[in-house]
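Report on the structure given below.
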Amino acid sequence: MKEYEIYSDLRVPVNSKIIVRLDGRSFHSFARKMELVKPYDDDFYKVMVKVSKDLFEEFSPLFVYTFSDEISILLDNVPFNGRVEKINSIMASFTASSFSINYDKEFPKPVAFDSRVIPVNDGDILNYFKWRQDEAWRNCVNGYGIHFLKSKYSSKEANEKINGLNLSDIHELLFENGINLNDVDTWKKRGIGVYRKNKEIKGLNKKDGKEQISYRSFIHVDCKLPIFSQEFFNELF
Ligand SMILES: Nc1nc2c(ncn2[C@@H]2O[C@H](COP(=O)(O)OP(=O)(O)OP(=O)(O)O)[C@@H](O)[C@H]2O)c(=O)[nH]1
Ligand SMILES: [Mg+2]
């Protein structure tokens, strides 16, 4: 029967970097049922950060990036010998478990995340994360836009109106109504990053009694990410 497991040999090359992207299943309806604050629910985001840190501790990636209900994990060392079934199933189940443990509220039903593996060469890492960060920005403008329109019109009318507007129209509409997206928290516009950072430790050298500086790394949650650039990733790894 073993030969029936025809997908178990599907592998990514272990010498390539990969990104694994996890996305909450039907979180639109999860958000409605859990009555999450619109457009941004602080408690939900705190949980997504805890999940991102759990993933970081478990899989030692180079970088984790999250916004909305999705998490992207950039891995240098491809786990499970590159076996796609293993990577996807373990990452997705680990994420759903971590989400459930860290969210100490009852859910209407069990939550799930989907998972996909994306092999990337070094030249595409910036493009990938720029693409997701652009999506975070679109999400932010649309989120504030629809929230504002629903305060003025019926849900149906608000949806119709927002579909006819592009991002700068929505930005303008919000501005005219006293909502300046420049004042919105950076993490809502650019997402949240988790990565290792070095901390300076001052100590005494036992041999000569002189002060010496060493460095210890810790997991840093960055809620004030810059717009992604090559310099940002050059500093990371
Ligand atoms: N109210 C609220 N909703 C949120 C928040 N963050 C994410 N969401 C919801 O999560 C959804 C995520 O979008 P998608 O992943 O495209 O939609 P989905 O319903 O999860 O669908 P699938 O991923 O295809 O299963 C958004 O549409 C929002 O409804 C939040 O902070 N507040
Ligand atoms: Mg989703």
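Chain labels follow the order of the structure tokens: the first chain is A, the next B, and so on; residue numbering restarts at 1 in every chain, and ligands are counted from 1 in their shown order.
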Compute the set of protein, DNA and RNA residues whose minimum atom distance to ligand 2 is at most 9 Å, using only C-alpha atoms and all ligand atoms, and state it as a list in words.
-> Leu22, Asp23, Gly24, Arg25, Ser26, Phe27, His28, Ser68, Asp69, Glu70, Phe113 and Asp114 of chain A
I need the chosen residues saved as a CSV table (one decimal), in the first residue's frame, with C-alpha atoms.
```csv
chain,number,residue,atom,x,y,z
A,22,LEU,CA,-0.3,30.3,6.3
A,23,ASP,CA,-3.8,31.8,6.0
A,24,GLY,CA,-6.8,31.5,8.3
A,25,ARG,CA,-9.7,29.5,6.9
A,26,SER,CA,-12.9,31.5,6.6
A,27,PHE,CA,-11.7,34.2,9.0
A,28,HIS,CA,-14.2,36.6,7.6
A,68,SER,CA,-4.7,40.2,8.7
A,69,ASP,CA,-5.1,36.4,9.0
A,70,GLU,CA,-1.9,35.5,7.2
A,113,PHE,CA,-5.1,27.5,8.5
A,114,ASP,CA,-4.2,26.6,4.9
```
Within segment 76-132 of chain A, find each residue whose DSSP state, derived from the backbone, is helix (DSSP H, G or I), and express the selection as number ranges by chain.
-> A: 80-82, 84-102, 122-132
Which neighbours of Tyr103 of chain A fall inside 10 Å, counting only C-alpha atoms, when residues of the same chain fewer than 6 positions from it are skipped, and could you give them as a ChimeraX atom specification?
-> /A:43-44,46-48,50-51,97
Same residues, N, CA and C atoms, saved as a short mmCIF file (atom, residue, chain, number, x, y, z; two decimals), in the first residue's frame:
```
data_model
loop_
_atom_site.label_atom_id
_atom_site.label_comp_id
_atom_site.auth_asym_id
_atom_site.auth_seq_id
_atom_site.Cartn_x
_atom_site.Cartn_y
_atom_site.Cartn_z
N ASP A 43 -6.79 42.59 20.11
CA ASP A 43 -6.60 41.27 20.75
C ASP A 43 -6.27 40.20 19.70
N PHE A 44 -6.96 40.28 18.56
CA PHE A 44 -6.69 39.32 17.48
C PHE A 44 -5.23 39.45 17.02
N LYS A 46 -2.71 40.60 18.73
CA LYS A 46 -1.78 40.11 19.77
C LYS A 46 -1.62 38.60 19.65
N VAL A 47 -2.73 37.93 19.33
CA VAL A 47 -2.66 36.47 19.18
C VAL A 47 -1.83 36.12 17.94
N MET A 48 -2.05 36.82 16.84
CA MET A 48 -1.27 36.53 15.62
C MET A 48 0.24 36.75 15.86
N LYS A 50 1.71 36.32 18.84
CA LYS A 50 2.14 35.17 19.66
C LYS A 50 2.34 33.93 18.79
N VAL A 51 1.44 33.73 17.84
CA VAL A 51 1.57 32.58 16.93
C VAL A 51 2.86 32.73 16.11
N SER A 97 -3.02 25.14 16.26
CA SER A 97 -2.93 24.82 17.69
C SER A 97 -2.46 26.03 18.48
#
```
Shortest interatomic distance to Ser93 of chain A - which of A:Asn234, A:Asp185, A:Glu200, A:Val111, counting only C-alpha atoms | A:Val111
Neighbours of segment 118-123 of chain A within 8 Å (only C-alpha atoms; same-chain residues fewer than 4 positions away dropped), as a ChimeraX atom specification?
-> /A:12,16-21,127
Those in segment 7-181 of chain A with strand (DSSP E or B) from DSSP, as a PyMOL selection string | chain A and resi 11+17-24+63-67+70-75+83+113-120
Nearest to ligand 1: which of A:Glu135, A:Asp124, A:Glu106, A:Glu58 is it, counting only C-alpha atoms and all ligand atoms?
-> A:Glu135
Please provide as a list in words all residues within 8 Å of Gln133 of chain A, with the sequence filter that same-chain residues fewer than 5 positions apart are discarded (counting only C-alpha atoms).
->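 Everything that qualifies: Arg190, Gly191, Ile227 and Phe228 of chain A.
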Given the choices A:Val117, A:Ile101, A:Ile162, A:Val141, which gets closest to Phe175 of chain A if the distance is worked out from only C-alpha atoms?
->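 The answer is A:Val141, which sits nearest to Phe175 of chain A.
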Tell me which protein, DNA and RNA residues are within 8 Å of Ile219 of chain A, counting only C-alpha atoms, leaving out same-chain ones fewer than 2 positions away, and put them as a PDB file with N, CA and C atoms, in the first residue's frame.
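Contents of part.pdb, freshly written:
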```pdb
ATOM      1  N   LYS A  53       5.543  34.254  16.947  1.00  0.00           N
ATOM      2  CA  LYS A  53       6.705  33.971  17.818  1.00  0.00           C
ATOM      3  C   LYS A  53       6.844  32.475  18.070  1.00  0.00           C
ATOM      4  N   VAL A 194       8.754  39.600  12.630  1.00  0.00           N
ATOM      5  CA  VAL A 194       9.416  38.953  13.769  1.00  0.00           C
ATOM      6  C   VAL A 194      10.764  38.447  13.259  1.00  0.00           C
ATOM      7  N   TYR A 195      11.829  38.834  13.938  1.00  0.00           N
ATOM      8  CA  TYR A 195      13.165  38.421  13.494  1.00  0.00           C
ATOM      9  C   TYR A 195      14.141  38.521  14.654  1.00  0.00           C
ATOM     10  N   ARG A 196      15.330  37.966  14.474  1.00  0.00           N
ATOM     11  CA  ARG A 196      16.352  38.027  15.520  1.00  0.00           C
ATOM     12  C   ARG A 196      17.106  39.345  15.464  1.00  0.00           C
ATOM     13  N   LYS A 197      17.402  39.845  16.640  1.00  0.00           N
ATOM     14  CA  LYS A 197      18.146  41.093  16.746  1.00  0.00           C
ATOM     15  C   LYS A 197      19.220  40.892  17.807  1.00  0.00           C
ATOM     16  N   SER A 217      21.524  37.326  20.861  1.00  0.00           N
ATOM     17  CA  SER A 217      20.365  37.631  20.007  1.00  0.00           C
ATOM     18  C   SER A 217      19.064  37.274  20.721  1.00  0.00           C
ATOM     19  N   VAL A 221       9.887  41.637  17.982  1.00  0.00           N
ATOM     20  CA  VAL A 221       8.623  41.864  17.262  1.00  0.00           C
ATOM     21  C   VAL A 221       8.631  43.315  16.807  1.00  0.00           C
TER      22      VAL A 221
END
```
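Closest approach to ligand 1 from the set A:Asn198, A:Asn102, A:Asn139, A:Asn180 is made by A:Asn139, with distances taken over only C-alpha atoms and all ligand atoms.
Each of A:Tyr45, A:Phe233, A:Tyr128, A:Phe148 was compared to ligand 1 using only C-alpha atoms and all ligand atoms, and A:Tyr45 turns out to be the nearest.
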